[in-house]
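Notes follow the structure.
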Amino acid sequence: MSGHGTPIPMTAHPSGPLTGEAQVPGDKSISHRALILGALAVGETRISGLLEGEDVIDTAKAMRAFGAEVTDLGGGEWSVHGVGVGGFAEPAQVIDCGNSGTGVRLIMGAMATSPITATFTGDASLNKRPMARVTDPLELFGCRAVGRAGGRLPMTIVGAAEPVPVRYTVPVPSAQVKSAVLLAGLNAPGQTVVIEREATRDHSERMLAGFGAEITVEDTEEGRVITLTGRPELKPQTIVVPRDPSSAAFPVCAALITPGSDVLVPGIGLNPTRAGLFTTLREMGADLTYENEREEGGEPVADLRARYSPDMKGVTVPADRAASMIDEYPVLSVVAANATGTTMMGGVKELRVKESDRIDAMARGLRANGVTVEEGEDWWSVEGLGAGNVPGGGTCESFLDHRIAMSFMVMGLAAQAPVSVDDGSPIATSFPIFEPLMAGLGAKLERA
Ligand code: S3P
């Protein structure tokens with residue numbers, strides 16, 4: 001598959017111990033939202049700790065194309081001069097969101113209620129992913145969407161000249177769909193209501209409130225009912241982006257399975273809608289502690305300490321935890337392979353429509369390295385072999401998916417023989433410093 005230029009084959013060798021501090025980059029979800037809401041505020045928003053991965057850079061470029069002034073001030077500090085709600089200009093060129101489902105879906109929402117037209121595209125992975133889940137509710141506001149068969153990119157959105165507010169129950173657990181509808185609701189008069197039956201990450205709600213929008217959240221029998229009053233004047237903010245729990249997952253899991261390890265991962269966002277992996281790891285018996293718990297920029301934060309945990313046991317991960325760890329199942333399956341007993345993961349159909357079909361991608365790579373996996377449409381299970389007993393020696397396809405590539409690199413650190421991936425280039429979408437950071441802890445990673 002193409003999409004990230006020249007493939008970068010990578011190999012992880014048995015390593016250890018992993019020790020020291022892992023300063024992982026800023027949160028991807030929060031970084032996208034900070035740029036987009038900054039672009040919709042009136043005046044200058046300052047962002048520090050922005051994730052400077054390809055996905056977020058593509059969103060920064062898109063915000064420039066819609067008329068915002070976005071400046072990289074260096075050292076993770078960014079400035080966004082916004083154009084105000086309803087102030088987006090029509091982009092002169094196609095908007096290329098690269099690998100990022102979050103980028104394209106949130107930006108479609110943000111422009112759908114303005115009288116402008118924009119065409120969106122992405123890489124080979126993104127252009128396979130379903131967009132109808134966002135364009136269906138966006139069309140209720142009065143916009144039109146024309147894409148390829150099956151609601152695939154490239155796709156053109158003709159924004160609504162006279163948008164109407166919407167009441168929408170999100171049919172799949174998806175923070176991207178919820179957020180797209182809320183962003184569209186910003187430029188619709190009156191109240192837009194989004195109902196989610198299962199709670200998903202709530203960074204949009206928190207940040208909209210931070211920017212001064214009128215937004216309420218109510219837990220009812222129907223689910224979480226989010227009500228947004230349209231046409232606010234968003235006030236520019238100073239945003240400190242917490243470090244990404246989904247990136248922290250890699251050094252944390254690597255430390256848990258690599259003999260003798262003791263790694264500190266400071267300043268990690270522990271929003272309960274994101275922290276499901278860490279709860280699960282502790283249930284498995286991981287030596288994983290939260291130190292120095294605090295609040296930063298409206299998000300709970302702690303320093304994570306992970307130590308080698310040779311006695312972890314397989315667990316059944318409850319289906320209702322899926323949304324809070326949806327991006328972490330690939331690396332959890334690697335930990336599960338190093339635990340004893342079976343780990344069962346249910347209610348995870350959404351994994352099939354991520355950057356890759358993550359159940360299929362992980363099952364193939366795990367099997368190629370001597371691990372037994374069973375799967376159904378919305379579940380999968382991994383047979384644990386016990387600490388240090390994964391044979392390894394196989395080569396895995398990453399399918400243009402950063403989290404698949406990083407998961408197999410983690411697996412190789414604690415396997416009996418090296419583990420390779422055909423292409424590590426997608427890692428740069430979310431974790432551009434993955435290789436030096438892991439090497440700094442003592443991981444033996446190598447580019448072919
Ligand atoms: C994200 C939501 C999730 C997640 C993605 C980031 C977000 O996707 O997988 O990496 O920032 O809103 P879905 O909304 O498709 O579940």
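Ligands are numbered from 1 in the order shown, chains are lettered A, B, ... in the order of the structure tokens, and residues start at 1 in each chain.
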Q. Taking only C-alpha atoms and all ligand atoms into account, which residues are within 10 Å of ligand 1, as a PyMOL selection string?
A. chain A and resi 27-33+100-103+105-106+129-130+133-134+172-180+200-204+246+274+322-328+350-351+353-355+403+430
Would you list, as a ChimeraX atom specification, the residues of segment 162-392 of chain A that end up in helix (DSSP H, G or I) under DSSP run on this structure's backbone?
/A:175-185,203-210,245-257,276-283,319-325,329-337,349-353,358-368
Worksheet item: Do you know which residues are at most 12 Å from Gly376 of chain A counting only C-alpha atoms, after dropping those on the same chain fewer than 5 positions away, and could you put them as a ChimeraX atom specification?
Response: /A:344-349,351-352,359-360,363,381
* To do: Looking only at strand (DSSP E) from DSSP on the backbone, list the matching residues of segment 45-183 of chain A as an MDAnalysis selection string.
  => chainID A and resid 45:48 69:74 77:83 95:96 117:121 144:148 152:158 167:170
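Look at Lys313 of chain A: the protein and nucleic acid residues within 7 Å of it, using only C-alpha atoms and passing over chain neighbours fewer than 5 places away, are Met284, Gly285, Ala339, Thr340 and Gly341 of chain A.
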Selected residues, N, CA and C atoms, written as an mmCIF file, in the first residue's frame, please.
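Saved the output as part_5.cif:
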```cif
data_model
loop_
_atom_site.group_PDB
_atom_site.id
_atom_site.type_symbol
_atom_site.label_atom_id
_atom_site.label_comp_id
_atom_site.auth_asym_id
_atom_site.auth_seq_id
_atom_site.Cartn_x
_atom_site.Cartn_y
_atom_site.Cartn_z
ATOM 1 N N MET A 284 -5.126 -6.833 34.975
ATOM 2 C CA MET A 284 -4.318 -7.994 34.559
ATOM 3 C C MET A 284 -3.173 -8.257 35.536
ATOM 4 N N GLY A 285 -2.971 -7.318 36.459
ATOM 5 C CA GLY A 285 -1.894 -7.502 37.437
ATOM 6 C C GLY A 285 -0.651 -6.694 37.114
ATOM 7 N N ALA A 339 0.872 -12.508 28.794
ATOM 8 C CA ALA A 339 0.230 -12.851 30.065
ATOM 9 C C ALA A 339 -0.097 -14.349 30.039
ATOM 10 N N THR A 340 -0.625 -14.871 31.154
ATOM 11 C CA THR A 340 -1.085 -16.265 31.109
ATOM 12 C C THR A 340 -2.602 -16.268 30.973
ATOM 13 N N GLY A 341 -3.141 -17.218 30.232
ATOM 14 C CA GLY A 341 -4.586 -17.311 30.054
ATOM 15 C C GLY A 341 -5.055 -16.456 28.883
#
```
Practice item. Considering only C-alpha atoms, return as a ChimeraX atom specification whatever protein or nucleic-acid residues lie within 7 Å of segment 57-65 of chain A, sequence-local ones (same chain, fewer than 4 positions apart) excluded. Key: /A:32,35-36,39,52-53,69-70,91,95,97-98,103
Output file for the residues above (C-alpha atoms, as an mmCIF file, in the first residue's frame):
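Writing done, so here's again_7.cif:
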```cif
data_model
loop_
_atom_site.group_PDB
_atom_site.id
_atom_site.type_symbol
_atom_site.label_atom_id
_atom_site.label_comp_id
_atom_site.auth_asym_id
_atom_site.auth_seq_id
_atom_site.Cartn_x
_atom_site.Cartn_y
_atom_site.Cartn_z
ATOM 1 C CA HIS A 32 -6.810 18.713 16.348
ATOM 2 C CA LEU A 35 -6.403 24.132 16.054
ATOM 3 C CA ILE A 36 -9.978 23.937 14.782
ATOM 4 C CA ALA A 39 -9.544 28.906 13.911
ATOM 5 C CA GLU A 52 3.583 17.924 15.691
ATOM 6 C CA GLY A 53 2.725 14.657 13.961
ATOM 7 C CA GLU A 69 -3.506 32.360 10.360
ATOM 8 C CA VAL A 70 -1.657 29.418 11.914
ATOM 9 C CA PRO A 91 -10.364 26.897 0.161
ATOM 10 C CA ILE A 95 -7.951 19.672 1.456
ATOM 11 C CA CYS A 97 -6.078 15.220 5.466
ATOM 12 C CA GLY A 98 -3.439 12.526 4.938
ATOM 13 C CA GLY A 103 -8.925 15.633 10.965
#
```
message: What's around Met438 of chain A at 9 Å? Count only C-alpha atoms, leave out sequence neighbours fewer than 5 positions away in its own chain, and write the answer as a list in words.
response: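 Counting only the stated atoms, we get Leu18, Ala22, Phe250, Pro251, Ile433, Ala443, Lys444 and Leu445 of chain A.
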message = Just want the 9 Å neighbourhood of Arg243 of chain A, counted on only C-alpha atoms, with same-chain residues fewer than 6 positions away dropped. Output as a list in words.
response = Gln23, Val24, Pro25, Gly26, Asp27, Lys28, Gly49, Leu51, Pro266, Gly267, Ile268, Gly269 and Val301 of chain A
Of A:Val193, A:Ala112, A:Ile8, A:Ala89, the one sitting nearest Asp423 of chain A when using only C-alpha atoms is A:Ile8
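Distance-wise, atom CA of Val42 of chain A and atom CA of Gly297 of chain A end up 20.1 Å apart.
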From the list A:Glu397, A:Ser247, A:Leu413, A:Gly38, the nearest residue to Gly210 of chain A using only C-alpha atoms is A:Gly38
Across A:Arg206, A:His13, A:Pro189, A:Pro154, the smallest distance to Gly392 of chain A, with only C-alpha atoms counted, is shown by A:His13
re atom CA of Ser15 of chain A and atom CA of Ser356 of chain A: distance 27.9 Å
> So, counting only C-alpha atoms, which residue among A:Val419, A:Leu441, A:Ala255, A:Leu228 is closest to Pro9 of chain A?
Replying inline: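 Using only C-alpha atoms, the shortest distance to Pro9 of chain A belongs to A:Val419.
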One decimal place gives the atom CA of Glu218 of chain A-atom CA of Val181 of chain A separation as 17.0 Å
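Of the residues under consideration (A:Thr279, A:Ser333, A:Gln191, A:Thr45), A:Thr45 shows the shortest atom-to-atom contact distance to His81 of chain A when counting only C-alpha atoms.
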